[in-house]
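> My structure is below; once you've seen it, I'll send some questions.
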Amino acid sequence: MITYLLKRLLEMIPTLFGITIISFFIIQLAPGKPTDVLADLNPKMTPEARERLTKYYNLDKPIHVQYLMWLKRVAKLDFGDSFSTDRRPVWTKIKERLSITILINSLALVLIFAIAIPIGVSSAVHQYSLYDKITTMLVFIGFAIPTFWLALLLMILFGVNLHWLPVSGLKSLGYENLSIMGKIWDSVSHLILPVTLEAFGGLAGISRYMRSNMLEVIRQDYITTARAKGLSERKVIYKHALRNALLPVITLLGLSIPGLIGGSVIFENIFGIPGMGQLFYQSVMMRDYPVIMGILTIGAILTLLGNMLADIGYALTDPRIRAR
Amino acid sequence: MYRTSHIAYRILHILLPFITFLITAANCAKIDKEANAAQLTNNSTAPAAYGDTLVEGTIGEPSVLIPMLAGDSASQNVASLVINGLVKYDKDLTLVGDLAESWDISKNGLVITFYLKKGVKWTDGVEFTADDVMFGYKTIINEKTPTAYSEDYKQVKKAEVIDRYTFRITYEKPFAPALGSWGNLIVLPKHLLEGKDITKSELGRHPIGMGRFKFLKWTPGQDVVLEANPGYFEGRPYIDRYIYRVIPDPATMFLELKAGGIDWMGLTPIQYTRQANTAYLEKNFKKYRYPVPAYTYMGLNLCLRRETKTGKCIEKHPWFGDKRVRQAIAYAIDKHEIVDGVLFGLGSPATGPYVPNTWPYNPNVKKYDYNPEKAKELLADAGWKDTGIELPHWLPSLFGRMLKWAGWNIKDGVLDKDGRSFEFTILTNQGNTVRINTAVIIQRRLEAVGIKINVRILEWSTFINEFIDKRRFEAVILGWGLGLDPDQYDIWHSGKTKEKEFNFVSYNNPEVDALLEKGRRTFDMEERKKAYFRIHEILAEELPYIFLYVPDATPIVHARFQGIDPAPLIGMGYNIDKWYVPAGQQKHKITQ
Amino acid sequence: MTVSSQQSEVRSLKYIFWRRFKKNRLAVFGGVIVFILFTVAILAPFIAPHGPDVIDVKHVLEPPSLQHPFGTDDLGRDILSRVIYGSRISLAVGFVAVGIATIAGIIFGALSGYYGRWTDTVIMRFVDIMLAIPTFFLILAVIAMLEPGIWNIMIVIGLTSWMGVARLVRAEFLSLKEREFVLAARALGASDFRIIFRHILPNAMSPVLVSAVLGIAGAVLVESALSFLGIGVQPPTASWGNILTIGKDNIEIAWWISVFPGIAIFITVLAYNLLGEGIRDSIDPRLKI
C-alpha cells in the first residue's frame, strides 16, 4: 500500500509542475507586452501596473528564466502584492479566506456522498421501478437547473419569507453572546444553504454514476454465484455488490473537487461568504492579476490534495492494494 | 404526437412546483419574527437610553482608515466616526467648532487662530493637542504622502503652534474655503506616527481616534466594528456599537435588511419606490429622502493627446472638442426620461455643476430640452453626416456589417466624417444599476441621431485608477459628491489636469479659470455668488460634461432608532451620537 | 460487392438506431425541444413581439400581460423578446464552444490513442493537469486577462472542456487501432493521417457525438453563470444569464424577470441532456460517458 501511495505521489509531481506551467502561461496573456510599443495606449493595462508585473514576473528576461524565478517564489507561497488599494501580500489575503472555502467544500462533498450513494444504490437495486424512474427524472432536473438560480429562489424562500435561515454572511450579529449550542446553530444555519447548493450540482452526477456502477456489479458472475449460494438478497447487495460498486466512486470524489471549488465563486458571491471564491471574483473584476494567479495555483493544489486523499481512501478500501 | 404532448405534460408537472413556489415566494405574507418590533411607535417621546447596536450596510469595503489617505467614501464614512476635525458643519450648514473650542479670523481674513478644547484624549489615553494638528498639516503637504487632498493646505503660508491648545495659520492670499478645510483630514496622532511611514502604519487598519466611536475590529470582507467611546468629549453616544457591514451587492443587502441583518442602508431608486413599501417594512423601518450635494454626468474626453508630465492638452479631441457636438449630444438625451425611468422621480435633471436650492445655483442657464432634430442639425453643422454606399433594403444587415468591416463606407444610419464612423464607448462602474441603466438609455437615444455607443462596465477601483486617472476613455458616466463650499477649482481649473487630478476631461477656459480664482479669493458673499453664477452659465453653454441628474439620498433605517433628524444636503449621519433606541425596544445586548 | 454489403450494414445500424431512438420518448422530446430552440433562435426577429433593446420607461417592471407575455424589466424592455434573442447567444455559445472542445479533443485523443508511448503519456498527463485546475477558475482567469464578451467566452469554454472528449477518443482508438480494417489499410500503405481520419475516426464518432450533445448543455450552463456574474455576455445584449442579473435585483417584486429566463435555461439544458442520453442509449446502452 505504501508503495502504491508513493507511486501516486510521484505521479503527482509532474502534474504539479504542469499546473504551474499553465498558470504561468495564463499570466502571459495579460495585455500589453513589455516589447509592445503600443503598451502606452493600451487601455487595459497601465504602465505602472505593467511595471509591477514585469518586476514580479521578470517579464524582461527570457521565458524559461521567468518561469524558474517565478516557480521559486511560488514554492515559498510568495505571489507578490495585491494590486488593490490595500497592497497586501497575496498569500495573506488568500490565507485569511482559505479555511472557510475548504470547510464549505468539504461539507458539500460529505453531503453529496451521503445522499448520492444511497440514491444510486437503491435505484439500481430497484431498477425500472417507480422509485427508479422518479430518481432518474430528478437527476435530469438536477442536471438542468442552473444552481445559481435555485440559490436565489431558496434565499428568498428560507431567508426572507420564512425567516428560517439567514440570508448571507457567516455569523449573526450577537454571535459572541450566544451559548455554545446557540453558536453552533448559528454557524450551521448560515452554512445550510451554501453547502446544500454547492452539493446540489454534484448530486445528480454522482448518484447516476453510482447507479450505473451498481447495475454493472449486480450483473457480474460472482453476484449470481452469491445468490446461487443462497445468501440473502440483503447480504448479496450490501456485502458483496456495494463494496465493489463503491470503489470507483472514491476516485470520482477526487474528480469532483475542481467543480466544487469552481462553484465557490458563484455561491460565495450570492451568499456573501468571505471565502476564496469571493476574493477571486473581486480580483477578476479588478484585474488584480497577482491575486488571480495566486488563487488559480492554490485552487489547483487543493484539487491535487483532494485527489491524494481520494487515493488514500482507495488504497484503504481496495483489498488488492491494501494487501500489497 | 400524442406521445410528445404526453411527455410535455409530465415535464410540466415537474416544472409546476417550482413556478408556484416562486410565486408564493414573491407574494406570501411576511412572517413577523421580531414581536416587540411590532409595537414600535415612530414618535420620539420614548426616553433616550444607552445600548443596542446599529448595523449599516455598505457596498464597498473601506480601504484605509486614515482620512487623508482614503479616496473612497466607505473609508471616509468609518473614519469620520473615529476621528474628528477642528470644525464641522452643523445641521443648518454653518461651521461650528468640533475639536476647536473657538477661533479668531483676522480682519483681512488671512490669519486663523484655533483655540482647541482642553482635555480631549485619544482613545489610548494621550491628550490631543495643537502638535497633532501641526503634525497632520505637515504630513498632508508632504510630497511623499499619497493624498488627493493637499491642495487646500498648500494655500497656507505659515502654520504655528502657539501653545499646547492654540494653533495659528496664515494664508498668503484670501482663501474663502479656508475655515471649512480644517476638518478631520489634518488630525493625526503625532505620538503614534512621528518618524514612521504613514502608508505602512498599522493605524490604517486599526485606527486610534478621539471621536464618537472607537475602533474595535475589522474582519476583511465582512465588517468593521466600532464601539461607543466612553470618554468622548461631548458625552458617549447612546448606541453601544456601530457595525459597518460589507455586502457587495445591493439586492442581497436589501434582503439582509428584511431578514434583520442590517438596520440602515441606502436604497436604490427602484428599492425605494417599488420594493420598500411592504407592510413589514413600513411598520419596522423608516424611509428618508433628502437632497444631497451631488450630481451625475457624462464626461466627454475633450483632449486627444496630452503632455505626459503636466497633462496639458496638445491636441483637442476631433469630436468632443467641438462644442456643437457636445450640445448635440445634450439635445439628443432626454434627461426627464432618465429621471423618471431610472431614478423613479427621486431627483431632478442637472443643469450645471451646482445643485438646486444652494446659493451658487443659477436657475437661469441654458437648458437642453430633448430635441433630436436640433441635435441632428448641430451634428450636420459640425460635419457629421451619414454618407457612403446605400445598400438595398433586402440585403441582410450582416452583409453591410461585413462590407464595413472590410473598410467600405456604408450608409448605415451611423454618422461619419473624414471616413470615420461616430462610434464611441461609455464607461461606467459596476454595481450601480442607476448608472448602467442611464448608459443604456443614452445608448438608445444617441443611436436615434446616428451615434453608435458601446457600454462597458468596470469595477470601481479599476475604473478610477486605470481609466479616469490615466485619461483612457472617450466618455464616462460618473458622479461628483460635492463639498458644501462651492469652490470647484480642482474640477474645472485648466491647471488641474495632471495624472490623478480631477480635471480629467481637460476642460480649458481662461474665463472660468479667472472666475474660479476670484470666487475663492474673496469673503464677500455677493462677489462669490456672482462668480459662481457665471461659472454655472458658462459650463451650461459649453458643456464640458453632459450634466445628467441630481439624485436624492434615499436611506432606510430601522424604526427602533430615535433621534434621527435628517437635513437637506448634510444628511443624517451628523448626529449619530444622539441616536438611541428606547430601553424596551433594544435588539442587541452586549455582555462582556 | 464488399462496398454494398458495408452499405447495407450501415443502413441496418442506422435502422436499429432509429428504432431504439423513437422508442425513447424522453429523447424524442429532447430532440423536438432542441429543434424548436433552433427555429426560435433563427427566426428571432420574426417571432419576437418587440425589439430586444427597445426601452420604454413608462412601462417598467410590468407583470405579464397580453402586450408583454413575459412582463417587462427595469427599463421597460420586453422579457419575452429578450428571452427569444437570448436563445441565439445560448445556441451560439453552446455550438461554438463545444465545436472547439470537440475538435481539440479529437486531435489530442486521436494522437494519444493512435501513437501511444510517449505521445500518449505527454497528452494524458496534460489532460490530468487540465482536469486538476478548477475549470471555472481557469475560465475566469483567462477572461480577466482578455475581455468579457461573447467570442472570448466561447473560445475559453471550448479550450477548457476538451479533456473528456480526448479521453473518449483515445479509448476508442486504443480498441480500434488493432482491428483488421486498420491493419489492412496500413498494409495497403495508407498514411497515418488517412488512417486516423478516414478509417478509425468515423468508427469512433458515436461517443464523441453523445458527449458533444451533453457538452452543449454544460456550455449553456457555464455561459449563463458567467453572464449572471457580469463577466459573460455584456449588457445591454440580451442573454439569459444577464436577464437573471436584473431579475435578482428585483426578485421580490418582479418574479417574471427571474422565472422565464431561468426556465429557458432549464428547458434547454434538459433538452440537450435528454437528447444526448437518448442518442447514447440508442447507439449502445452500455456506453459509458
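Letters A, B, ... mark the chains of the C-alpha cells in the order given; residue numbers begin at 1 per chain; ligand numbers begin at 1, in order shown.
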Counting only C-alpha atoms, which residues of chain C come no farther than 6 Å from chain A, as a list of chain:residue names?

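Taking only C-alpha atoms into account, C:Ile129, C:Ala132, C:Ile133, C:Pro134, C:Phe136, C:Phe137, C:Ala144, C:Met145, C:Phe266, C:Val269, C:Leu270 sit within 6 Å of chain A.
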
> Hey, what does DSSP flag as helix (DSSP H, G or I) within region 153-255 of chain B? Can you give it to me as a ChimeraX atom specification?

/B:153-154,179-181,184-186,190-193,198-200,202-204,250-255

> Select, from A:Tyr67, A:Tyr175, A:Tyr222, A:Phe200, the residue with the minimum atom-to-atom distance to chain B, counting only C-alpha atoms.

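Once distances to chain B are computed over only C-alpha atoms, the minimum belongs to A:Tyr175.
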
> Leaving out region 152-168 of chain C and any residue of its chain fewer than 2 positions from it, which residues lie within 7 Å of it when counting only C-alpha atoms, given as a count of residues only?

25

> Please identify all residues of chain C having at least one atom at most 9 Å from any atom of chain B, considering only C-alpha atoms, and return them as a ChimeraX atom specification.

/C:25-26,28-29,32,53-60,74-76,230,234-236,246,248-255,259,263

> Separation of CA of Leu415 (chain B) and CA of Ala448 (chain B), in Å?

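Between CA of Leu415 (chain B) and CA of Ala448 (chain B) the gap is 10.7 Å.
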
> From the set B:Pro230, B:Gly180, B:Pro220, B:Gly85, which residue has the shortest atom-to-atom contact distance to chain A, counting only C-alpha atoms?

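Closest to chain A, using only C-alpha atoms: B:Pro220.
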
> Quick one: everything within 9 Å of Asp311 (chain A), counting only C-alpha atoms, minus sequence neighbours fewer than 6 positions away in the same chain. Send it as number ranges by chain.

A: 5, 8, 250-251, 254

> Would you pick out the contacts of Pro248 (chain A) at 10 Å or less, using only C-alpha atoms, so that residues sharing its chain but fewer than 5 positions from it are not included, and give the list as a VMD selection string?

chain A and resid 209 to 210 213 243 253 314 318

> Nearest residue to chain B out of A:Ala75, A:Val121, A:Leu157, A:Ile102, using only C-alpha atoms?

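Result for the nearest residue to chain B: A:Leu157.
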